[in-house]
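A.B. asks: I'd like to ask you about the structure that follows.
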Amino acid sequence: QVQLVESGGGLVQPGGSLRLSCTASGFSFSTYSMTWIRQAAGKELEWVSSINKSGGIPNYADSVKGRFTISRDNAKNTLYLQMTNLKPEDTAVYYCAKVLDWGSRGQGTQVTVSS
């Protein structure tokens, strides 16, 4: 079955960086556009970034544009999110998912930005 496993989260100070990874299995990863979404405590799921099947045409929410970079390695069935200049408002659980199926998301990885 579809399995997505997010990792790489943690506690970081404002201005710091983290690199999230998402390892996919159970489906043909290279044939799906993928997305990162996040959910802060008490809030709804929020779209962060997406990338197409071949790794081109990335898109970003205005709140992360210029700070986050999405990428993928289809040979490793892995999706990445490089996050720089992190802000307290980036604190959330981060999930990866198929673009058209947010229900496919994994358990998520917690990112906490705090001094």
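Identifiers in this document derive from the order of the structure tokens: chains are assigned A, B, ..., residues are numbered from 1 separately in each chain, and ligands are numbered from 1 in order of occurrence.
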Using only C-alpha atoms, which protein or nucleic acid residues come within 8 Å of A:Asn74? Drop anything in the same chain fewer than 6 positions from it, and give the result as a list of chain:residue names.
C.D. replies: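 The residues satisfying every condition are A:Phe29, A:Ser30, A:Ser54.
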A.B. asks: Near A:Gly10, within 12 Å and counting only C-alpha atoms, which residues show up once chain neighbours fewer than 6 positions away are dropped, as a list in words?
C.D. replies: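 Neighbouring residues, sequence-local ones excluded: Gly16, Ser17, Leu18, Arg19, Leu20, Met83, Leu86, Asp90, Thr91, Ala92, Val93, Tyr94, Gly108, Thr109, Gln110, Val111, Thr112, Val113 and Ser114 of chain A.
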A.B. asks: What's the 7 Å shell around stretch 31-33 of chain A, counting only C-alpha atoms, without same-chain residues fewer than 4 positions away, as a CSV table (one decimal) with N, CA and C atoms, in the first residue's frame?
C.D. replies:
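In the end it all went to result.csv:
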```csv
chain,number,residue,atom,x,y,z
A,51,ILE,N,5.9,19.9,-6.5
A,51,ILE,CA,6.8,19.7,-7.6
A,51,ILE,C,6.3,18.6,-8.5
A,52,ASN,N,6.5,18.8,-9.8
A,52,ASN,CA,5.9,17.8,-10.7
A,52,ASN,C,6.8,16.5,-10.8
A,53,LYS,N,6.3,15.6,-11.6
A,53,LYS,CA,6.9,14.3,-11.7
A,53,LYS,C,8.4,14.2,-11.9
A,98,LYS,N,0.8,13.0,-2.1
A,98,LYS,CA,0.6,13.1,-3.5
A,98,LYS,C,-0.2,14.4,-3.7
A,99,VAL,N,0.0,15.1,-4.8
A,99,VAL,CA,-0.6,16.4,-5.0
A,99,VAL,C,-2.1,16.4,-4.9
```
A.B. asks: Could you jot down the atom CA of A:Ser25 to atom CA of A:Asp101 separation for me, Å, one decimal place?
C.D. replies: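 Distance between the two atoms: 15.2 Å.
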A.B. asks: Tell me, in Å to one decimal, how far atom CA of A:Trp102 is from atom CA of A:Gln3.
C.D. replies: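 Atom-to-atom, atom CA of A:Trp102 to atom CA of A:Gln3, that is 12.5 Å.
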A.B. asks: Between A:Val12, A:Met34, A:Leu100, A:Val2, single out the one closest to A:Ile70, counting only C-alpha atoms.
C.D. replies: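 Residue with the minimum atom-to-atom distance to A:Ile70: A:Met34.
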A.B. asks: Neighbouring residues of A:Ser21 were defined as those with any atom within 9 Å, considering only C-alpha atoms; residues of the same chain fewer than 4 positions away were excluded. Please report them as a ChimeraX atom specification.
C.D. replies: /A:5-9,78-82,96
A.B. asks: Can I get the selection written as a short mmCIF file (atom, residue, chain, number, x, y, z; two decimals), in the first residue's frame, with N, CA and C atoms?
C.D. replies:
```
data_model
loop_
_atom_site.label_atom_id
_atom_site.label_comp_id
_atom_site.auth_asym_id
_atom_site.auth_seq_id
_atom_site.Cartn_x
_atom_site.Cartn_y
_atom_site.Cartn_z
N VAL A 5 6.97 8.29 4.45
CA VAL A 5 7.61 8.44 5.76
C VAL A 5 8.44 9.71 5.76
N GLU A 6 8.00 10.68 6.55
CA GLU A 6 8.69 11.96 6.66
C GLU A 6 9.72 11.90 7.79
N SER A 7 10.82 12.63 7.60
CA SER A 7 11.86 12.69 8.63
C SER A 7 12.63 13.99 8.48
N GLY A 8 13.45 14.29 9.48
CA GLY A 8 14.33 15.45 9.40
C GLY A 8 13.90 16.64 10.23
N GLY A 9 12.75 16.55 10.87
CA GLY A 9 12.30 17.66 11.69
C GLY A 9 13.10 17.79 12.97
N THR A 78 12.45 9.58 -3.14
CA THR A 78 12.53 10.51 -2.01
C THR A 78 12.23 11.94 -2.44
N LEU A 79 11.46 12.60 -1.61
CA LEU A 79 11.11 14.01 -1.77
C LEU A 79 11.80 14.79 -0.66
N TYR A 80 12.26 15.99 -0.97
CA TYR A 80 12.98 16.81 0.01
C TYR A 80 12.34 18.18 0.15
N LEU A 81 12.59 18.79 1.31
CA LEU A 81 12.25 20.19 1.51
C LEU A 81 13.38 20.83 2.30
N GLN A 82 14.16 21.66 1.62
CA GLN A 82 15.22 22.41 2.28
C GLN A 82 14.62 23.70 2.81
N CYS A 96 4.38 15.04 3.70
CA CYS A 96 4.43 14.96 2.25
C CYS A 96 3.22 14.15 1.79
#
```
A.B. asks: If you run DSSP over the backbone, which residues in chain A end up strand (DSSP E)? Put them as a PyMOL selection string.
C.D. replies: chain A and resi 3-7+10-12+18-25+34-39+46-51+59-60+68-73+78-83+92-98+109-113
A.B. asks: Just checking: using only C-alpha atoms, which residue out of A:Lys87, A:Glu44, A:Phe27, A:Arg72 ends up closest to A:Leu4?
C.D. replies: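 Of the candidates, the smallest distance to A:Leu4 is held by A:Phe27.
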